[in-house]
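First up is the structure itself, then whatever we jot down about it.
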Protein chains: 2
Amino acid sequence: MAKKKKATPAEPPTTGWSVPAWEALRASTADPVARYDPKATPGYTGNKASAAAELTSRGQRLADLQEMLFANGRSGDHRSVLLVIQGMDTAGKGGIVRHVGGMVDPQGLAIKGFGKPTPEELSHDFLWRIHRALPAAGRIGIFDRSHYEDVLPVRVHNLVPEEVWSQRYELINQFEREVTEAGTTIIKLLLVVSKDEQKQRLTDRLNNPAKYWKYNPADIDERAYWDAYLEAYQAILDKTDTDVAPWFIVGADRKWFSRLAVCELLISALEGLNLDWPPPTFDLAVEQARAAAL
Amino acid sequence: MAKKKKATPAEPPTTGWSVPAWEALRASTADPVARYDPKATPGYTGNKASAAAELTSRGQRLADLQEMLFANGRSGDHRSVLLVIQGMDTAGKGGIVRHVGGMVDPQGLAIKGFGKPTPEELSHDFLWRIHRALPAAGRIGIFDRSHYEDVLPVRVHNLVPEEVWSQRYELINQFEREVTEAGTTIIKLLLVVSKDEQKQRLTDRLNNPAKYWKYNPADIDERAYWDAYLEAYQAILDKTDTDVAPWFIVGADRKWFSRLAVCELLISALEGLNLDWPPPTFDLAVEQARAAAL
């Protein structure tokens, strides 16, 4: 008799969300980024302790869904999921990748961090390096920074003329529409950290030898452009928050909340694929007879 | 005052190992692979329950060391670690990647599975695709299959003439010596599964819809060449178990043991690098003053 490998409930267990994260955190219904409260926990009625317990069970749910996505990818389904993460320095982008990515099989992840473009990357259009890093079938891609850098520091510092960066929003929307139509579910995450919290985190990095390596003097240079960055973030929310590739805002000052929130967003994206275990790609009766004869 | 981010004990806690895994599992001191007991737990005096508890604490130790390796990689240290995994079908190579890899930050991993070579790969020498998948500075690379495929199925099925594959052992030794000298610590893992256990695992995959995707009819075809594979495995142990790139044998029938054993081997490899947190790459006093003035 067929047995289930493990229980994968169709309905989530009771959680601390009064409004699903997918709705409560959608950028289009949130305050403007300049007024967004980085300590807010919209839709979530629990606290730090309940969130920790919830993250364990929901992390298992995420792992089950990821395995099912991977299984389908191996069986001819070309779909994938892409989580794009943006946010100020110290907002905890890497921590999200570590802790949320760490809940699933690392073989199913395609993690890519985008730094300053290389000479080769600069010799192509700005979406070239993005396209080639897109997740393969069955994978969950995670971008730590992304094509949005090309309308964030690039805009703030006028690294290209305005007539170039100003056209990129529509190019990005077209690109994301194509990617989505090719089978990749995109969710975009803006981690919002407060200026006070950023100061604290920078100071912590300078006071702890185990964190020196995370410190970059340029972070303080960039902090001088805080308001210009807020404007640039608001522009991407205004111009690129689409139903095919939605933006979500998550406050970053409370790490226990941001991790749980991103876990929920990924679960929602995966549940939206209506996955099931793929049928055998071979003749089941024939193979069962062969195995029985071993 | 500087504070430690988290305790990273220099000495491992009391464990169930009477002989360190690094010694107890070294292929050169083990029985020939054809007589190796896949249920054996050499050097380990604990049981399944103690191993589970131990894996939690040792997994944290592994995660701490991995973060330190990564930090050094970001700070100019070019060293890395590479775990090469080989073994019969169903031996649990993917499970090792999932469970041991899952204990560390996925951003610090470079996981690569090697399948049947693509036409492009075949147009190059057999080490071409291997070289380009080597881990970058500060990373832990994990190869699920590797260049050893070119002296395993390739040898068993004579996919190239004997005069070609027979020369590959020395080419591999040269290659691994070069890679090691360039800063990559290589550890090679042969997972040995029993024929009975393989039959059980193949049957399980055919009786569980959640596992159909893991079943490949070719696995039963390959099983017919069991003894030829044992000979080919023995040949790689005899010819490529070097002090710079040692082979370890781990029985695969008890997954709780193989996971703990591989965790220990990785910890030993990382401890052998004598890592510490890297010094700041900037003027600490200057940056502390800048941060204080924010």
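Each chain in the structure tokens gets a letter, A, B and so on, in the order shown; residues start at 1 in every chain, and ligands are counted from 1 in the order they appear.
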Using only C-alpha atoms, determine which residues lie at most 12 Å from Thr242 in chain A, disregarding the query and same-chain residues fewer than 5 positions distant; provide the list as a PyMOL selection string.
-> chain A and resi 26-28+169-170+172-174+176-177+180+186-188+236-237+247-248
Can you write out the residues you just picked, keeping all heavy atoms, as a compact mmCIF listing (two decimals), in the first residue's frame?
# COMPACT_ATOMS: atom_id res chain seq x y z
N ARG A 26 1.67 43.54 1.97
CA ARG A 26 1.76 44.01 0.59
C ARG A 26 2.04 45.52 0.56
O ARG A 26 1.37 46.30 1.23
CB ARG A 26 0.43 43.70 -0.14
CG ARG A 26 0.38 44.09 -1.59
CD ARG A 26 1.24 43.20 -2.47
NE ARG A 26 1.36 43.77 -3.81
CZ ARG A 26 0.60 43.41 -4.85
NH1 ARG A 26 -0.29 42.46 -4.72
NH2 ARG A 26 0.76 44.01 -6.02
N ALA A 27 3.04 45.89 -0.22
CA ALA A 27 3.50 47.29 -0.22
C ALA A 27 2.39 48.25 -0.63
O ALA A 27 2.31 49.38 -0.13
CB ALA A 27 4.69 47.43 -1.15
N SER A 28 1.51 47.81 -1.54
CA SER A 28 0.51 48.73 -2.08
C SER A 28 -0.47 49.20 -1.02
O SER A 28 -1.12 50.23 -1.19
CB SER A 28 -0.24 48.06 -3.24
OG SER A 28 -0.78 46.82 -2.82
N TYR A 169 12.62 51.32 -14.89
CA TYR A 169 11.46 50.79 -14.19
C TYR A 169 10.58 50.00 -15.15
O TYR A 169 10.12 48.90 -14.83
CB TYR A 169 10.66 51.93 -13.54
CG TYR A 169 11.47 52.73 -12.54
CD1 TYR A 169 12.07 53.94 -12.90
CD2 TYR A 169 11.64 52.27 -11.25
CE1 TYR A 169 12.83 54.66 -11.99
CE2 TYR A 169 12.41 52.99 -10.33
CZ TYR A 169 12.99 54.18 -10.71
OH TYR A 169 13.74 54.89 -9.82
N GLU A 170 10.36 50.56 -16.32
CA GLU A 170 9.50 49.85 -17.27
C GLU A 170 10.20 48.63 -17.84
O GLU A 170 9.58 47.59 -18.06
CB GLU A 170 9.05 50.81 -18.39
CG GLU A 170 8.05 50.20 -19.36
CD GLU A 170 6.88 49.48 -18.69
OE1 GLU A 170 6.47 49.87 -17.58
OE2 GLU A 170 6.39 48.48 -19.28
N ILE A 172 12.27 46.84 -16.18
CA ILE A 172 12.17 45.84 -15.10
C ILE A 172 10.79 45.18 -15.11
O ILE A 172 10.67 43.96 -14.98
CB ILE A 172 12.47 46.51 -13.73
CG1 ILE A 172 13.96 46.79 -13.61
CG2 ILE A 172 11.98 45.64 -12.59
CD1 ILE A 172 14.35 47.61 -12.38
N ASN A 173 9.74 46.00 -15.26
CA ASN A 173 8.40 45.42 -15.30
C ASN A 173 8.24 44.43 -16.45
O ASN A 173 7.65 43.36 -16.29
CB ASN A 173 7.34 46.52 -15.40
CG ASN A 173 7.15 47.24 -14.07
OD1 ASN A 173 7.46 46.71 -13.01
ND2 ASN A 173 6.65 48.47 -14.14
N GLN A 174 8.77 44.81 -17.61
CA GLN A 174 8.69 43.89 -18.77
C GLN A 174 9.46 42.60 -18.48
O GLN A 174 8.97 41.50 -18.75
CB GLN A 174 9.30 44.55 -20.01
CG GLN A 174 8.41 45.58 -20.66
CD GLN A 174 9.12 46.26 -21.83
OE1 GLN A 174 9.98 45.67 -22.48
NE2 GLN A 174 8.75 47.50 -22.09
N GLU A 176 10.25 41.26 -15.60
CA GLU A 176 9.61 40.43 -14.58
C GLU A 176 8.36 39.74 -15.12
O GLU A 176 8.03 38.62 -14.72
CB GLU A 176 9.30 41.27 -13.33
CG GLU A 176 10.59 41.70 -12.62
CD GLU A 176 10.34 42.55 -11.37
OE1 GLU A 176 9.19 42.98 -11.15
OE2 GLU A 176 11.31 42.77 -10.62
N ARG A 177 7.66 40.42 -16.04
CA ARG A 177 6.49 39.79 -16.65
C ARG A 177 6.93 38.58 -17.48
O ARG A 177 6.32 37.51 -17.42
CB ARG A 177 5.74 40.81 -17.51
CG ARG A 177 4.32 40.44 -17.84
CD ARG A 177 3.48 41.67 -18.21
NE ARG A 177 4.15 42.54 -19.16
CZ ARG A 177 4.44 43.83 -18.94
NH1 ARG A 177 4.09 44.41 -17.81
NH2 ARG A 177 5.07 44.53 -19.86
N THR A 180 7.98 35.74 -15.16
CA THR A 180 6.82 35.13 -14.55
C THR A 180 6.10 34.23 -15.54
O THR A 180 5.70 33.10 -15.21
CB THR A 180 5.85 36.22 -14.03
OG1 THR A 180 6.57 37.07 -13.14
CG2 THR A 180 4.68 35.61 -13.31
N ILE A 186 7.60 35.37 -8.67
CA ILE A 186 8.50 36.36 -8.07
C ILE A 186 7.84 37.00 -6.87
O ILE A 186 6.70 37.44 -6.94
CB ILE A 186 8.85 37.47 -9.09
CG1 ILE A 186 9.54 36.88 -10.33
CG2 ILE A 186 9.74 38.54 -8.45
CD1 ILE A 186 9.82 37.91 -11.43
N ILE A 187 8.56 37.04 -5.75
CA ILE A 187 8.12 37.88 -4.64
C ILE A 187 9.29 38.79 -4.25
O ILE A 187 10.44 38.36 -4.19
CB ILE A 187 7.60 37.09 -3.43
CG1 ILE A 187 8.59 36.04 -2.96
CG2 ILE A 187 6.28 36.42 -3.74
CD1 ILE A 187 8.05 35.23 -1.79
N LYS A 188 8.94 40.04 -4.01
CA LYS A 188 9.98 41.04 -3.76
C LYS A 188 9.82 41.60 -2.36
O LYS A 188 8.71 41.95 -1.95
CB LYS A 188 9.89 42.15 -4.82
CG LYS A 188 10.09 41.59 -6.23
CD LYS A 188 10.02 42.66 -7.31
CE LYS A 188 8.68 43.30 -7.47
NZ LYS A 188 8.49 44.00 -8.77
N ILE A 236 10.57 52.69 -6.54
CA ILE A 236 10.42 51.31 -7.03
C ILE A 236 9.09 50.73 -6.58
O ILE A 236 8.45 49.97 -7.31
CB ILE A 236 11.61 50.40 -6.65
CG1 ILE A 236 11.77 50.22 -5.16
CG2 ILE A 236 12.90 50.88 -7.29
CD1 ILE A 236 12.88 49.23 -4.78
N LEU A 237 8.64 51.12 -5.38
CA LEU A 237 7.34 50.62 -4.94
C LEU A 237 6.24 51.21 -5.82
O LEU A 237 5.30 50.52 -6.21
CB LEU A 237 7.09 51.00 -3.47
CG LEU A 237 8.07 50.40 -2.45
CD1 LEU A 237 7.67 50.84 -1.04
CD2 LEU A 237 8.09 48.88 -2.54
N TRP A 247 5.60 43.61 -4.48
CA TRP A 247 6.50 44.03 -3.40
C TRP A 247 5.83 43.86 -2.06
O TRP A 247 4.64 44.17 -1.89
CB TRP A 247 6.88 45.51 -3.56
CG TRP A 247 8.03 45.78 -4.46
CD1 TRP A 247 7.98 46.31 -5.71
CD2 TRP A 247 9.42 45.56 -4.16
NE1 TRP A 247 9.26 46.42 -6.23
CE2 TRP A 247 10.16 45.97 -5.29
CE3 TRP A 247 10.11 45.05 -3.06
CZ2 TRP A 247 11.55 45.89 -5.35
CZ3 TRP A 247 11.50 44.97 -3.12
CH2 TRP A 247 12.20 45.39 -4.25
N PHE A 248 6.61 43.41 -1.09
CA PHE A 248 6.17 43.34 0.30
C PHE A 248 7.15 44.15 1.15
O PHE A 248 8.35 44.15 0.89
CB PHE A 248 6.12 41.89 0.79
CG PHE A 248 5.16 41.05 0.00
CD1 PHE A 248 5.58 40.36 -1.14
CD2 PHE A 248 3.82 40.97 0.37
CE1 PHE A 248 4.68 39.62 -1.89
CE2 PHE A 248 2.92 40.21 -0.38
CZ PHE A 248 3.35 39.54 -1.52
If we count only C-alpha atoms, what is near Leu266 in chain B at a cut-off of 8 Å, once residues fewer than 3 positions away on the same chain are taken out, given as number ranges by chain?
-> B: 62, 83, 262-263, 269-270
Spatial neighbours of Arg168 in chain A, max dist 10 Å, only C-alpha atoms, sep filter under 4 positions, as a list of chain:residue names |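 Residues near the query, excluding close chain neighbours: A:Phe126, A:Leu127, A:His147, A:Tyr148, A:Asp150, A:Val151, A:Glu162, A:Glu163, A:Val164, A:Ile172, A:Asn173, A:Gln174.
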Which is closer to chain B than all the others in A:Val192, A:Ile130, A:Ala210, A:Ala232, using only C-alpha atoms?
->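 Selected residue with least distance to chain B: A:Ala210.
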Once you count only C-alpha atoms, what closest atom pair and distance in Å to one decimal does each residue of chain B within 6 Å of chain A have, with rows by chain and rising residue number, as a Markdown table?
| residue | atom | partner | partner_atom | distance |
| --- | --- | --- | --- | --- |
| B:Ala2 | CA | A:Asn208 | CA | 5.1 |
| B:Lys3 | CA | A:Asn208 | CA | 5.5 |
| B:Ala71 | CA | A:Trp213 | CA | 5.8 |
| B:Arg98 | CA | A:Asp105 | CA | 5.1 |
| B:Asp105 | CA | A:Arg98 | CA | 5.1 |
| B:Asn207 | CA | A:Ala2 | CA | 5.2 |
| B:Asn208 | CA | A:Ala2 | CA | 5.1 |
| B:Ala210 | CA | A:Trp277 | CA | 5.6 |
| B:Tyr212 | CA | A:Pro280 | CA | 5.5 |
| B:Trp213 | CA | A:Ala71 | CA | 5.8 |
| B:Trp277 | CA | A:Ala210 | CA | 5.6 |
| B:Pro280 | CA | A:Tyr212 | CA | 5.5 |
What does the file look like for those residues with all heavy atoms, as a short mmCIF file (atom, residue, chain, number, x, y, z; two decimals), in the first residue's frame?
data_model
loop_
_atom_site.label_atom_id
_atom_site.label_comp_id
_atom_site.auth_asym_id
_atom_site.auth_seq_id
_atom_site.Cartn_x
_atom_site.Cartn_y
_atom_site.Cartn_z
N ALA B 2 35.23 44.75 23.81
CA ALA B 2 34.87 43.73 22.83
C ALA B 2 34.15 42.59 23.54
O ALA B 2 34.52 42.17 24.63
CB ALA B 2 36.12 43.20 22.14
N LYS B 3 33.09 42.11 22.92
CA LYS B 3 32.42 40.94 23.48
C LYS B 3 32.43 39.83 22.43
O LYS B 3 32.48 40.11 21.22
CB LYS B 3 30.99 41.28 23.88
CG LYS B 3 30.16 41.80 22.71
CD LYS B 3 28.71 42.06 23.10
CE LYS B 3 27.96 42.62 21.89
NZ LYS B 3 26.53 42.75 22.08
N ALA B 71 33.98 34.34 6.85
CA ALA B 71 34.48 35.67 7.24
C ALA B 71 35.90 35.87 6.73
O ALA B 71 36.24 36.92 6.19
CB ALA B 71 34.43 35.81 8.76
N ARG B 98 21.75 17.31 2.17
CA ARG B 98 20.63 18.02 2.78
C ARG B 98 20.83 18.23 4.28
O ARG B 98 20.64 19.32 4.79
CB ARG B 98 19.34 17.21 2.55
CG ARG B 98 18.15 17.78 3.28
CD ARG B 98 16.86 17.03 2.96
NE ARG B 98 15.73 17.71 3.58
CZ ARG B 98 14.47 17.50 3.27
NH1 ARG B 98 14.16 16.64 2.32
NH2 ARG B 98 13.51 18.15 3.88
N ASP B 105 25.11 27.98 7.20
CA ASP B 105 24.53 29.05 6.39
C ASP B 105 24.59 28.67 4.91
O ASP B 105 25.69 28.48 4.37
CB ASP B 105 25.34 30.33 6.63
CG ASP B 105 24.76 31.54 5.92
OD1 ASP B 105 23.92 31.37 5.02
OD2 ASP B 105 25.17 32.66 6.28
N ASN B 207 6.93 2.41 -3.55
CA ASN B 207 5.70 2.20 -2.79
C ASN B 207 5.20 3.48 -2.13
O ASN B 207 4.26 3.44 -1.36
CB ASN B 207 5.94 1.14 -1.70
CG ASN B 207 6.03 -0.25 -2.29
OD1 ASN B 207 5.51 -0.49 -3.39
ND2 ASN B 207 6.70 -1.14 -1.59
N ASN B 208 5.83 4.59 -2.44
CA ASN B 208 5.46 5.85 -1.81
C ASN B 208 5.42 6.96 -2.86
O ASN B 208 6.45 7.35 -3.40
CB ASN B 208 6.51 6.17 -0.73
CG ASN B 208 6.18 7.44 0.04
OD1 ASN B 208 5.35 8.23 -0.38
ND2 ASN B 208 6.85 7.62 1.16
N ALA B 210 5.31 9.96 -2.64
CA ALA B 210 6.18 11.10 -2.33
C ALA B 210 7.63 10.81 -2.69
O ALA B 210 8.48 11.70 -2.60
CB ALA B 210 6.07 11.45 -0.85
N TYR B 212 8.38 8.67 -5.65
CA TYR B 212 8.51 8.22 -7.05
C TYR B 212 9.61 9.01 -7.77
O TYR B 212 10.37 8.48 -8.56
CB TYR B 212 7.21 8.43 -7.82
CG TYR B 212 6.06 7.54 -7.44
CD1 TYR B 212 4.74 7.88 -7.80
CD2 TYR B 212 6.24 6.35 -6.73
CE1 TYR B 212 3.66 7.09 -7.46
CE2 TYR B 212 5.15 5.55 -6.38
CZ TYR B 212 3.87 5.92 -6.75
OH TYR B 212 2.80 5.14 -6.43
N TRP B 213 9.65 10.32 -7.49
CA TRP B 213 10.57 11.18 -8.24
C TRP B 213 12.03 10.84 -7.98
O TRP B 213 12.90 11.21 -8.78
CB TRP B 213 10.30 12.65 -7.90
CG TRP B 213 10.64 13.04 -6.50
CD1 TRP B 213 9.88 12.86 -5.37
CD2 TRP B 213 11.83 13.69 -6.04
NE1 TRP B 213 10.52 13.36 -4.27
CE2 TRP B 213 11.72 13.87 -4.65
CE3 TRP B 213 12.98 14.15 -6.69
CZ2 TRP B 213 12.71 14.47 -3.88
CZ3 TRP B 213 13.98 14.76 -5.92
CH2 TRP B 213 13.83 14.91 -4.54
N TRP B 277 38.73 34.78 13.95
CA TRP B 277 38.05 35.88 13.27
C TRP B 277 39.08 36.78 12.62
O TRP B 277 40.09 37.09 13.23
CB TRP B 277 37.18 36.67 14.25
CG TRP B 277 36.05 35.84 14.77
CD1 TRP B 277 35.91 35.36 16.05
CD2 TRP B 277 34.91 35.38 14.04
NE1 TRP B 277 34.76 34.61 16.15
CE2 TRP B 277 34.12 34.60 14.93
CE3 TRP B 277 34.47 35.52 12.73
CZ2 TRP B 277 32.93 33.98 14.55
CZ3 TRP B 277 33.28 34.91 12.34
CH2 TRP B 277 32.53 34.16 13.24
N PRO B 280 40.30 43.50 11.40
CA PRO B 280 39.58 44.48 10.56
C PRO B 280 40.41 44.85 9.33
O PRO B 280 41.63 44.92 9.40
CB PRO B 280 39.37 45.67 11.48
CG PRO B 280 40.33 45.49 12.61
CD PRO B 280 40.57 44.02 12.75
#
Pick out each residue of range 2-244 of chain B that DSSP on the backbone tags as helix (DSSP H, G or I); I need them as an MDAnalysis selection string.
-> chainID B and resid 21:24 27:29 33:35 48:74 93:101 106:108 119:122 128:131 147:151 153:156 162:181 195:206 212:214 217:223 226:240
Assign secondary structure with DSSP using the backbone only, and return the residues of range 17-86 of chain B in strand (DSSP E or B) as a list in words.
-> Trp17, Arg26, Tyr44, Ser80, Val81, Leu82, Leu83, Val84, Ile85 and Gln86 of chain B
If we count only C-alpha atoms, what is near range 42-51 of chain B at a cut-off of 9 Å, once residues fewer than 6 positions away on the same chain are taken out, given as a CSV table (one decimal) with N, CA and C atoms, in the first residue's frame?
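Once written, part-v1.csv looks like this:
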chain,number,residue,atom,x,y,z
B,15,THR,N,32.2,13.6,23.5
B,15,THR,CA,31.4,13.0,22.4
B,15,THR,C,31.4,11.5,22.6
B,16,GLY,N,30.7,10.8,21.7
B,16,GLY,CA,30.7,9.4,21.8
B,16,GLY,C,31.8,8.7,21.0
B,17,TRP,N,32.8,9.5,20.5
B,17,TRP,CA,33.8,8.9,19.7
B,17,TRP,C,35.0,8.5,20.6
B,18,SER,N,35.3,7.2,20.5
B,18,SER,CA,36.5,6.7,21.3
B,18,SER,C,37.8,6.9,20.5
B,19,VAL,N,37.6,6.9,19.2
B,19,VAL,CA,38.7,7.3,18.2
B,19,VAL,C,38.1,8.4,17.4
B,20,PRO,N,38.9,9.5,17.1
B,20,PRO,CA,38.3,10.5,16.2
B,20,PRO,C,37.9,10.0,14.9
B,21,ALA,N,36.7,10.5,14.4
B,21,ALA,CA,36.2,10.1,13.1
B,21,ALA,C,37.3,10.2,12.0
B,23,GLU,N,40.3,9.6,12.1
B,23,GLU,CA,41.2,8.4,12.1
B,23,GLU,C,40.4,7.1,11.9
B,24,ALA,N,39.3,7.0,12.6
B,24,ALA,CA,38.5,5.7,12.6
B,24,ALA,C,37.9,5.4,11.2
B,25,LEU,N,37.7,6.4,10.4
B,25,LEU,CA,37.0,6.2,9.1
B,25,LEU,C,37.9,6.4,7.9
B,250,VAL,N,32.3,5.6,5.0
B,250,VAL,CA,31.3,5.6,6.0
B,250,VAL,C,30.1,4.7,5.5
B,254,ARG,N,23.0,3.0,8.3
B,254,ARG,CA,22.5,3.7,9.4
B,254,ARG,C,22.7,5.2,9.2
B,256,TRP,N,21.7,7.8,10.8
B,256,TRP,CA,22.0,8.6,12.0
B,256,TRP,C,23.5,8.6,12.1
B,257,PHE,N,24.2,7.5,11.8
B,257,PHE,CA,25.6,7.5,11.9
B,257,PHE,C,26.3,8.2,10.8
B,260,LEU,N,26.2,12.0,11.4
B,260,LEU,CA,27.1,12.5,12.4
B,260,LEU,C,28.6,12.3,12.0
B,261,ALA,N,28.9,11.2,11.3
B,261,ALA,CA,30.3,11.0,10.9
B,261,ALA,C,30.7,12.1,10.0
For the atom pair CA of Leu134 in chain A and CA of Pro117 in chain A, what is the interatomic distance in Å to one decimal place?
->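 Taking CA of Leu134 in chain A as the start and CA of Pro117 in chain A as the end point, the length is 16.6 Å.
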With distances taken over only C-alpha atoms, which of A:His124, A:Arg132, A:Arg79, A:Lys39 is nearest to Gly272 in chain A?
->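 Distance minimum relative to Gly272 in chain A lands on A:Arg79.
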So which one's closest to Asp64 in chain B, B:Leu190, B:Ile267, B:Leu273, B:Val84? Using only C-alpha atoms, please.
->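 Nearest to Asp64 in chain B: B:Ile267.
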